[in-house]
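Next up, work-v2.tsv (TSV, C-alpha atoms):
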chain	number	residue	atom	x	y	z
A	1287	MET	CA	36.54	-79.59	-47.73
A	1288	THR	CA	33.71	-80.10	-50.27
A	1289	SER	CA	30.35	-80.93	-48.71
A	1290	PHE	CA	27.63	-83.30	-49.85
A	1291	LYS	CA	24.62	-81.42	-51.21
A	1292	SER	CA	22.06	-84.24	-51.43
A	1293	ILE	CA	21.78	-87.54	-49.57
A	1294	LEU	CA	19.42	-90.46	-50.16
A	1295	ALA	CA	18.70	-92.88	-47.30
A	1296	ALA	CA	16.71	-96.04	-47.98
A	1297	THR	CA	15.12	-98.10	-45.24
A	1298	ASP	CA	12.96	-101.20	-44.88
A	1299	PHE	CA	12.31	-100.24	-41.22
A	1300	SER	CA	14.67	-102.89	-39.89
A	1301	VAL	CA	17.22	-101.95	-37.22
A	1302	ASP	CA	19.97	-101.58	-39.85
A	1303	GLY	CA	17.72	-99.63	-42.18
A	1304	ASN	CA	16.70	-97.18	-39.47
A	1305	ASN	CA	20.33	-96.77	-38.38
A	1306	ALA	CA	21.10	-95.86	-41.98
A	1307	VAL	CA	18.48	-93.12	-41.88
A	1308	ARG	CA	19.86	-91.69	-38.64
A	1309	ARG	CA	23.42	-91.72	-39.99
A	1310	ALA	CA	22.22	-89.99	-43.17
A	1311	ALA	CA	20.43	-87.40	-41.05
A	1312	LEU	CA	23.59	-86.66	-39.05
A	1313	LEU	CA	25.61	-86.31	-42.27
A	1314	ALA	CA	22.94	-84.06	-43.78
A	1315	HIS	CA	23.09	-81.87	-40.67
A	1316	GLU	CA	26.91	-81.68	-40.80
A	1317	HIS	CA	27.01	-80.87	-44.53
A	1318	GLY	CA	23.87	-78.77	-44.80
A	1319	ALA	CA	22.60	-81.28	-47.36
A	1320	ARG	CA	19.10	-82.14	-48.54
A	1321	LEU	CA	17.91	-85.48	-47.13
A	1322	ARG	CA	15.47	-87.78	-48.89
A	1323	ILE	CA	14.19	-90.88	-47.07
A	1324	LEU	CA	12.90	-93.66	-49.30
A	1325	HIS	CA	11.05	-96.93	-48.85
A	1326	VAL	CA	10.44	-99.25	-51.79
A	1327	LEU	CA	7.36	-101.43	-51.70
A	1328	ASN	CA	8.07	-104.58	-53.65
A	1329	ALA	CA	5.11	-105.52	-55.81
A	1330	ALA	CA	6.12	-109.19	-55.86
A	1331	GLY	CA	5.55	-109.47	-52.11
A	1332	CYS	CA	1.85	-108.65	-52.44
A	1333	LYS	CA	0.85	-111.49	-54.79
A	1334	PRO	CA	-0.61	-113.89	-52.18
A	1335	LEU	CA	-3.17	-111.35	-50.91
A	1336	ARG	CA	-4.11	-110.32	-54.45
A	1337	ASP	CA	-5.28	-113.87	-55.04
A	1338	TRP	CA	-7.96	-113.43	-52.35
A	1339	PHE	CA	-8.77	-109.71	-52.17
A	1340	SER	CA	-9.01	-106.76	-54.48
A	1341	PRO	CA	-5.77	-106.07	-56.44
A	1342	THR	CA	-5.21	-102.70	-54.77
A	1343	LEU	CA	-6.07	-103.54	-51.17
A	1344	ASP	CA	-2.68	-104.89	-50.10
A	1345	PHE	CA	-0.77	-102.14	-51.95
A	1346	ASP	CA	-2.86	-99.41	-50.35
A	1347	LEU	CA	-2.54	-100.87	-46.86
A	1348	LYS	CA	1.21	-101.37	-46.99
A	1349	ALA	CA	1.83	-98.03	-48.67
A	1350	ALA	CA	-0.21	-96.24	-45.98
A	1351	GLN	CA	1.69	-98.05	-43.21
A	1352	ALA	CA	5.01	-97.20	-44.80
A	1353	ARG	CA	4.14	-93.52	-45.25
A	1354	ASP	CA	3.07	-93.27	-41.62
A	1355	ALA	CA	6.29	-94.90	-40.47
A	1356	LEU	CA	8.39	-92.56	-42.63
A	1357	ARG	CA	6.55	-89.48	-41.33
A	1358	ARG	CA	7.16	-90.53	-37.73
A	1359	MET	CA	10.83	-91.06	-38.55
A	1360	ALA	CA	11.05	-87.66	-40.24
A	1361	VAL	CA	9.59	-85.99	-37.13
A	1362	GLU	CA	12.11	-87.81	-34.93
A	1363	ILE	CA	15.19	-86.83	-36.94
A	1364	SER	CA	13.87	-83.30	-37.44
A	1365	GLY	CA	14.04	-82.76	-33.70
A	1366	ALA	CA	17.31	-84.64	-33.21
A	1367	TYR	CA	19.30	-83.22	-36.15
A	1368	ASP	CA	17.61	-79.87	-36.87
A	1369	LEU	CA	16.66	-80.57	-40.47
A	1370	ILE	CA	13.64	-81.23	-42.64
A	1371	ALA	CA	13.67	-84.47	-44.64
A	1372	SER	CA	11.44	-85.41	-47.56
A	1373	VAL	CA	9.87	-88.87	-47.46
A	1374	GLU	CA	8.65	-91.07	-50.29
A	1375	VAL	CA	7.17	-94.53	-50.80
A	1376	LEU	CA	7.69	-96.06	-54.25
A	1377	VAL	CA	6.34	-99.29	-55.70
A	1378	GLY	CA	8.60	-101.39	-57.89
A	1379	GLU	CA	11.52	-103.75	-58.05
A	1380	PRO	CA	13.77	-102.66	-55.16
A	1381	PHE	CA	17.11	-102.52	-56.95
A	1382	GLU	CA	15.90	-100.82	-60.13
A	1383	THR	CA	13.84	-98.32	-58.14
A	1384	LEU	CA	16.77	-97.51	-55.88
A	1385	MET	CA	19.08	-97.07	-58.86
A	1386	GLN	CA	16.70	-94.57	-60.46
A	1387	ALA	CA	16.22	-92.69	-57.21
A	1388	SER	CA	19.99	-92.35	-56.68
A	1389	GLU	CA	20.76	-90.83	-60.10
A	1390	HIS	CA	20.96	-87.23	-58.89
A	1391	VAL	CA	22.28	-87.50	-55.32
A	1392	ASP	CA	25.81	-87.21	-53.93
A	1393	LEU	CA	25.58	-90.09	-51.44
A	1394	VAL	CA	23.41	-93.18	-50.92
A	1395	VAL	CA	23.10	-94.55	-47.37
A	1396	LEU	CA	21.92	-98.12	-46.79
A	1397	GLY	CA	21.80	-100.65	-43.97
A	1398	ARG	CA	23.84	-103.80	-44.40
A	1399	ARG	CA	20.95	-106.23	-44.00
A	1400	GLY	CA	17.21	-105.91	-43.82
A	1401	HIS	CA	14.92	-108.14	-41.80
A	1402	GLY	CA	12.03	-105.84	-41.00
A	1403	ARG	CA	8.35	-106.50	-41.48
A	1404	PHE	CA	8.42	-104.21	-44.54
A	1405	LYS	CA	10.57	-106.64	-46.51
A	1406	GLY	CA	11.92	-105.93	-49.96
A	1407	LEU	CA	14.37	-103.06	-50.05
A	1408	LEU	CA	17.45	-104.44	-48.35
A	1409	VAL	CA	16.59	-108.12	-48.25
A	1410	GLY	CA	18.56	-110.45	-50.52
A	1411	ARG	CA	21.23	-108.94	-52.73
A	1412	THR	CA	19.98	-105.40	-53.25
A	1413	VAL	CA	22.84	-103.82	-51.28
A	1414	ASP	CA	25.42	-106.01	-52.99
A	1415	ARG	CA	24.05	-105.09	-56.43
A	1416	MET	CA	24.15	-101.40	-55.56
A	1417	LEU	CA	27.79	-101.76	-54.54
A	1418	ARG	CA	28.69	-103.54	-57.77
A	1419	ILE	CA	26.70	-101.54	-60.29
A	1420	GLY	CA	25.80	-98.20	-58.72
A	1421	ARG	CA	27.56	-95.04	-59.89
A	1422	ARG	CA	27.17	-93.12	-56.62
A	1423	PRO	CA	29.14	-93.47	-53.38
A	1424	VAL	CA	27.32	-95.95	-51.12
A	1425	LEU	CA	27.66	-95.81	-47.35
A	1426	VAL	CA	26.85	-99.17	-45.74
A	1427	VAL	CA	25.82	-98.60	-42.11
A	1428	LYS	CA	26.54	-101.47	-39.74
A	1429	THR	CA	26.48	-99.71	-36.36
A	1430	SER	CA	24.15	-97.50	-34.35
A	1431	VAL	CA	24.74	-93.76	-34.50
A	1432	HIS	CA	26.54	-92.29	-31.48
A	1433	GLY	CA	28.10	-89.25	-33.10
A	1434	THR	CA	30.18	-88.05	-36.00
A	1435	TYR	CA	32.85	-90.25	-37.61
A	1436	ARG	CA	36.09	-89.62	-35.71
A	1437	ARG	CA	38.59	-92.01	-37.32
A	1438	VAL	CA	38.28	-92.54	-41.08
A	1439	LEU	CA	40.54	-95.23	-42.60
A	1440	VAL	CA	41.27	-95.08	-46.35
A	1441	PRO	CA	43.15	-98.12	-47.75
A	1442	ILE	CA	44.62	-97.17	-51.13
A	1443	ASP	CA	46.31	-98.91	-54.08
A	1444	PHE	CA	47.40	-95.77	-56.03
A	1445	THR	CA	44.73	-96.17	-58.74
A	1446	ALA	CA	42.15	-93.65	-59.92
A	1447	SER	CA	39.62	-95.51	-57.78
A	1448	SER	CA	41.57	-94.94	-54.59
A	1449	ASP	CA	42.06	-91.30	-55.64
A	1450	ALA	CA	38.27	-90.98	-55.70
A	1451	ALA	CA	38.07	-92.66	-52.29
A	1452	ILE	CA	40.55	-90.19	-50.81
A	1453	ARG	CA	38.55	-87.23	-52.14
A	1454	VAL	CA	35.26	-88.53	-50.72
A	1455	ALA	CA	36.86	-89.52	-47.42
A	1456	ASP	CA	38.16	-85.99	-47.08
A	1457	ARG	CA	34.53	-84.86	-46.96
A	1458	MET	CA	33.82	-87.26	-44.08
A	1459	ARG	CA	36.68	-86.52	-41.71
A	1460	ARG	CA	36.10	-84.43	-38.64
A	1461	GLU	CA	37.93	-84.72	-35.30
A	1462	GLU	CA	41.04	-86.84	-35.76
A	1463	GLY	CA	41.35	-86.41	-39.49
A	1464	MET	CA	41.92	-89.17	-42.01
A	1465	HIS	CA	44.20	-92.20	-41.93
A	1466	VAL	CA	45.64	-93.20	-45.33
A	1467	PHE	CA	46.81	-96.83	-45.41
A	1468	HIS	CA	48.54	-99.12	-47.89
A	1469	ALA	CA	49.15	-102.86	-47.60
A	1470	ILE	CA	52.45	-103.97	-49.15
A	1471	ASN	CA	52.08	-107.45	-50.56
A	1472	SER	CA	55.68	-107.59	-51.76
A	1473	ARG	CA	57.79	-110.55	-52.85
A	1474	ARG	CA	61.01	-108.66	-52.27
A	1475	GLU	CA	61.72	-109.95	-48.76
A	1476	ALA	CA	60.97	-113.59	-49.65
A	1477	VAL	CA	63.30	-113.34	-52.64
A	1478	LEU	CA	66.11	-111.91	-50.54
A	1479	ARG	CA	65.75	-114.58	-47.85
A	1480	ASP	CA	65.72	-117.32	-50.46
A	1481	ALA	CA	68.98	-115.92	-51.79
A	1482	ASP	CA	70.61	-116.14	-48.32
A	1483	VAL	CA	70.99	-112.37	-48.22
A	1484	PRO	CA	72.17	-111.27	-44.74
A	1485	GLU	CA	69.51	-110.07	-42.31
A	1486	HIS	CA	70.85	-106.52	-42.08
A	1487	VAL	CA	70.57	-106.16	-45.87
A	1488	ILE	CA	66.96	-107.36	-45.74
A	1489	ARG	CA	66.15	-104.85	-43.00
A	1490	GLU	CA	67.74	-102.05	-45.03
A	1491	SER	CA	65.82	-103.06	-48.14
A	1492	ARG	CA	62.58	-103.13	-46.16
A	1493	LEU	CA	63.19	-99.67	-44.71
A	1494	MET	CA	63.90	-98.33	-48.20
A	1495	GLU	CA	60.67	-99.83	-49.53
A	1496	GLU	CA	58.63	-98.47	-46.62
A	1497	GLY	CA	60.13	-95.02	-47.07
A	1498	ALA	CA	59.35	-95.03	-50.79
A	1499	VAL	CA	55.73	-96.11	-50.23
A	1500	ASN	CA	55.20	-93.55	-47.47
A	1501	ALA	CA	56.56	-90.78	-49.69
A	1502	ARG	CA	54.35	-91.95	-52.54
A	1503	MET	CA	51.23	-91.76	-50.32
A	1504	ARG	CA	52.07	-88.19	-49.32
A	1505	ARG	CA	52.70	-87.17	-52.94
A	1506	LYS	CA	49.39	-88.72	-53.95
A	1507	VAL	CA	47.44	-86.69	-51.39
A	1508	SER	CA	49.31	-83.53	-52.34
A	1509	ARG	CA	48.60	-83.98	-56.06
A	1510	LEU	CA	44.91	-84.32	-55.27
A	1511	GLY	CA	45.03	-80.82	-53.83
A	1512	LEU	CA	44.20	-81.91	-50.26
A	1513	ASP	CA	45.73	-80.87	-46.96
A	1514	GLY	CA	48.11	-83.75	-46.34
A	1515	ALA	CA	49.58	-82.18	-43.21
A	1516	SER	CA	46.44	-82.98	-41.23
A	1517	MET	CA	46.34	-86.62	-42.38
A	1518	ASN	CA	47.96	-89.71	-40.93
A	1519	TYR	CA	49.85	-92.28	-42.99
A	1520	ALA	CA	50.49	-95.94	-42.26
A	1521	LEU	CA	51.50	-99.10	-44.09
A	1522	ALA	CA	51.84	-102.79	-43.33
A	1523	TYR	CA	53.07	-105.97	-45.00
A	1524	GLY	CA	50.62	-108.73	-45.77
A	1525	HIS	CA	47.36	-109.58	-47.49
A	1526	PRO	CA	45.14	-106.50	-48.07
A	1527	VAL	CA	42.15	-107.93	-46.19
A	1528	ARG	CA	43.99	-109.05	-43.07
A	1529	SER	CA	46.18	-105.96	-43.02
A	1530	THR	CA	43.23	-103.59	-43.38
A	1531	LEU	CA	41.14	-105.33	-40.73
A	1532	ARG	CA	44.04	-105.43	-38.27
A	1533	HIS	CA	44.82	-101.77	-38.81
A	1534	ALA	CA	41.15	-100.76	-38.54
A	1535	HIS	CA	40.89	-102.63	-35.23
A	1536	ARG	CA	44.12	-101.16	-33.90
A	1537	LEU	CA	43.07	-97.68	-34.95
A	1538	GLY	CA	39.53	-97.99	-33.64
A	1539	ALA	CA	38.22	-96.83	-37.01
A	1540	ASP	CA	34.51	-96.13	-37.23
A	1541	LEU	CA	34.52	-95.79	-41.03
A	1542	ILE	CA	36.48	-97.47	-43.85
A	1543	VAL	CA	36.41	-95.75	-47.25
A	1544	THR	CA	37.48	-97.71	-50.34
A	1545	GLY	CA	37.30	-97.30	-54.10
A	1546	LYS	CA	36.01	-99.70	-56.72
A	1547	GLN	CA	37.32	-100.07	-60.26
A	1548	GLY	CA	34.40	-100.59	-62.57
A	1549	ARG	CA	30.84	-101.76	-62.54
A	1550	SER	CA	31.61	-105.26	-61.30
A	1551	THR	CA	34.43	-105.19	-58.74
A	1552	LEU	CA	35.75	-103.19	-55.84
A	1553	GLY	CA	39.07	-102.74	-57.51
A	1554	ASN	CA	42.60	-103.97	-57.46
A	1555	PHE	CA	42.94	-103.42	-53.72
A	1556	LEU	CA	39.59	-105.05	-52.95
A	1557	LEU	CA	39.01	-107.49	-55.78
A	1558	GLY	CA	36.02	-109.85	-55.83
A	1559	SER	CA	35.76	-111.88	-52.64
A	1560	VAL	CA	38.27	-109.61	-50.89
A	1561	SER	CA	35.76	-106.75	-50.87
A	1562	SER	CA	33.07	-109.01	-49.43
A	1563	ARG	CA	35.40	-110.12	-46.66
A	1564	VAL	CA	36.30	-106.58	-45.64
A	1565	LEU	CA	32.66	-105.54	-45.70
A	1566	SER	CA	31.45	-108.60	-43.79
A	1567	GLU	CA	34.29	-108.82	-41.24
A	1568	ALA	CA	34.85	-105.16	-40.43
A	1569	SER	CA	33.00	-104.03	-37.32
A	1570	CYS	CA	32.57	-100.45	-38.55
A	1571	ASP	CA	30.66	-98.73	-41.36
A	1572	MET	CA	32.07	-98.84	-44.90
A	1573	LEU	CA	31.83	-96.33	-47.74
A	1574	ILE	CA	32.32	-97.62	-51.30
A	1575	VAL	CA	33.31	-95.01	-53.90
A	1576	PRO	CA	33.00	-95.77	-57.66
A	1577	ARG	CA	35.83	-95.20	-60.11
A	1578	PRO	CA	35.51	-91.89	-61.98
A	1579	LEU	CA	33.81	-92.29	-65.34
A	1580	ASP	CA	36.60	-90.44	-67.17
A	1581	SER	CA	39.38	-92.79	-66.00
A	1582	SER	CA	40.32	-96.07	-67.61
A	1583	PRO	CA	40.71	-99.25	-65.56
A	1584	PRO	CA	44.32	-99.81	-64.49
A	1585	GLN	CA	46.30	-102.67	-65.97
A	1586	ALA	CA	46.84	-104.08	-62.50
A	1587	ALA	CA	43.16	-104.90	-62.05
A	1588	LYS	CA	43.24	-108.29	-63.77
A	1589	THR	CA	41.32	-111.30	-62.57
A	1590	VAL	CA	43.65	-113.83	-64.20
A	1591	ALA	CA	47.30	-113.79	-63.27
A	1592	PRO	CA	49.77	-114.14	-66.14
A	1593	ARG	CA	51.62	-117.41	-66.47
A	1594	GLN	CA	55.06	-117.39	-64.91
A	1595	SER	CA	57.97	-117.53	-67.33
A	1596	SER	CA	61.74	-117.57	-67.16
A	1597	GLU	CA	61.67	-113.75	-67.18
A	1598	ARG	CA	60.00	-113.84	-63.77
A	1599	TYR	CA	62.89	-115.83	-62.35
A	1600	ILE	CA	65.44	-113.53	-63.96
A	1601	ASP	CA	63.63	-110.57	-62.41
A	1602	ASN	CA	63.79	-112.25	-59.01
A	1603	ALA	CA	67.49	-112.88	-59.42
A	1604	ALA	CA	68.13	-109.32	-60.50
A	1605	LEU	CA	66.12	-108.07	-57.53
A	1606	ALA	CA	68.15	-110.05	-55.02
A	1607	GLN	CA	71.47	-109.25	-56.70
A	1608	SER	CA	70.66	-105.54	-56.82
A	1609	ALA	CA	69.73	-105.35	-53.15
A	1610	ALA	CA	72.74	-107.34	-52.06
A	1611	ALA	CA	75.16	-105.45	-54.27
A	1612	HIS	CA	73.77	-102.14	-53.04
A	1613	ALA	CA	74.78	-103.06	-49.49
A	1614	GLY	CA	78.04	-104.74	-50.53
A	1615	ALA	CA	76.99	-107.82	-48.61
A	1616	LEU	CA	77.71	-110.65	-51.02
A	1617	THR	CA	80.88	-111.74	-52.75
A	1618	HIS	CA	80.89	-112.67	-56.41
A	1619	ASP	CA	81.31	-116.37	-55.60
A	1620	HIS	CA	78.44	-116.25	-53.09
A	1621	TRP	CA	76.12	-114.72	-55.69
A	1622	ILE	CA	77.04	-117.20	-58.44
A	1623	HIS	CA	76.27	-120.02	-56.00
A	1624	ASN	CA	72.78	-118.67	-55.21
A	1625	LYS	CA	71.85	-117.41	-58.66
A	1626	ALA	CA	70.99	-120.95	-59.80
A	1627	ARG	CA	67.95	-120.89	-57.51
A	1628	PHE	CA	66.25	-118.23	-59.63
A	1629	VAL	CA	67.26	-119.21	-63.18
A	1630	PRO	CA	65.21	-122.18	-64.47
A	1631	ARG	CA	66.90	-125.05	-66.16
A	1632	ARG	CA	66.36	-125.42	-69.87
A	1633	SER	CA	64.45	-128.46	-70.88
A	1634	SER	CA	66.49	-131.02	-72.75

Now that the file is in, can you turn its structure into structure tokens?
Amino acid sequence: MTSFKSILAATDFSVDGNNAVRRAALLAHEHGARLRILHVLNAAGCKPLRDWFSPTLDFDLKAAQARDALRRMAVEISGAYDLIASVEVLVGEPFETLMQASEHVDLVVLGRRGHGRFKGLLVGRTVDRMLRIGRRPVLVVKTSVHGTYRRVLVPIDFTASSDAAIRVADRMRREEGMHVFHAINSRREAVLRDADVPEHVIRESRLMEEGAVNARMRRKVSRLGLDGASMNYALAYGHPVRSTLRHAHRLGADLIVTGKQGRSTLGNFLLGSVSSRVLSEASCDMLIVPRPLDSSPPQAAKTVAPRQSSERYIDNAALAQSAAAHAGALTHDHWIHNKARFVPRRSS
């Protein structure tokens, strides 16, 4: 297992921000990594006082308060996690400053929301912008720290992005290993039912599909050079968000690790609003891993679905006919009767 060598934790001294620092400290202890704790002082928040006092008074006061708070936090985690952390207060626009500070680290750790008296770093859309644009793995901490991550859930879609997520998740696993998961959002079963294919044929087709997906997950892990024997594999039918959340709840996962495709989405598996729903509805922490720079976006990650044509219907018909013929369940007359459902009529 490859370890993290450098970790950046940013806090605004809110509950979530401080939990992020403690989680980063525990990870730094486990990996033997360097830990840097950062607070960004937003210059825009000091304008009202500058209208009445000297231009530097408010900056100096807030910077001194922030440095004192960071030092106290560093002393606390030094005793709790047996490490020495560097602390720093920077002045600037929170997102841009955080982006620059994260350029040479292996992991960025943030709290989901910030509502502390030192406002600026995690208030608004800073976290969301880091998730969309950042080129480093970002761990979003939503819970208090009670120990190491025990159950790590990795939902995958077989893209380069999910490959990256598997690799990073392998660094995080400890006690019970890693749980690789795929949500099958297949039209196969609906097509077969619409064709009046017997129930036992549908069950056989479903078992074949599940077996193929399970084998594909294991091959994927093996090709990444990881120890697949110590991992767990699971799949489910349904929408990726609902399936992932249900499985995470059933598993008792304390961390979900996902990949993102480019600089604007969280990928084919977690596209647009789907990613926001998983992040907002999951009760555990979530680690977002960017797509490798040397891989091209997959063709599947499209935001606009292609218009349906007659070829789609022919494909559906062929799918149902193939499954039924494989099991010898339908007669020729039965198939001819049902085939009309999938072949569109030509316009006159």

How many Å lie between atom CA of A:Gly1538 and atom CA of A:Leu1521, rounded to one decimal?
15.9 Å

Can you measure atom CA of A:Ala1469 to atom CA of A:Leu1510 for me? One decimal in Å is fine.
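Value for the atom CA of A:Ala1469-atom CA of A:Leu1510 distance: 20.5 Å.
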
Would you please work out which residue, of A:Tyr1435, A:Ser1569, A:Glu1490, A:His1390, is nearest to A:Arg1422 when using only C-alpha atoms?
A:His1390

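From atom CA of A:Ser1529 back to atom CA of A:Glu1475, the distance works out to 17.0 Å.
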
Would you be able to write out as number ranges by chain which residues have an atom within 9 Å of (39.4, -91.1, -47.7) in the file's coordinates, counting only C-alpha atoms?
A: 1438-1442, 1448-1459, 1464-1466, 1542-1544

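Considering the residues A:His1325, A:Arg1492, A:His1468, A:His1486 and counting all atoms listed in the file, A:Asn1518 has its shortest atom-to-atom contact with A:His1468.
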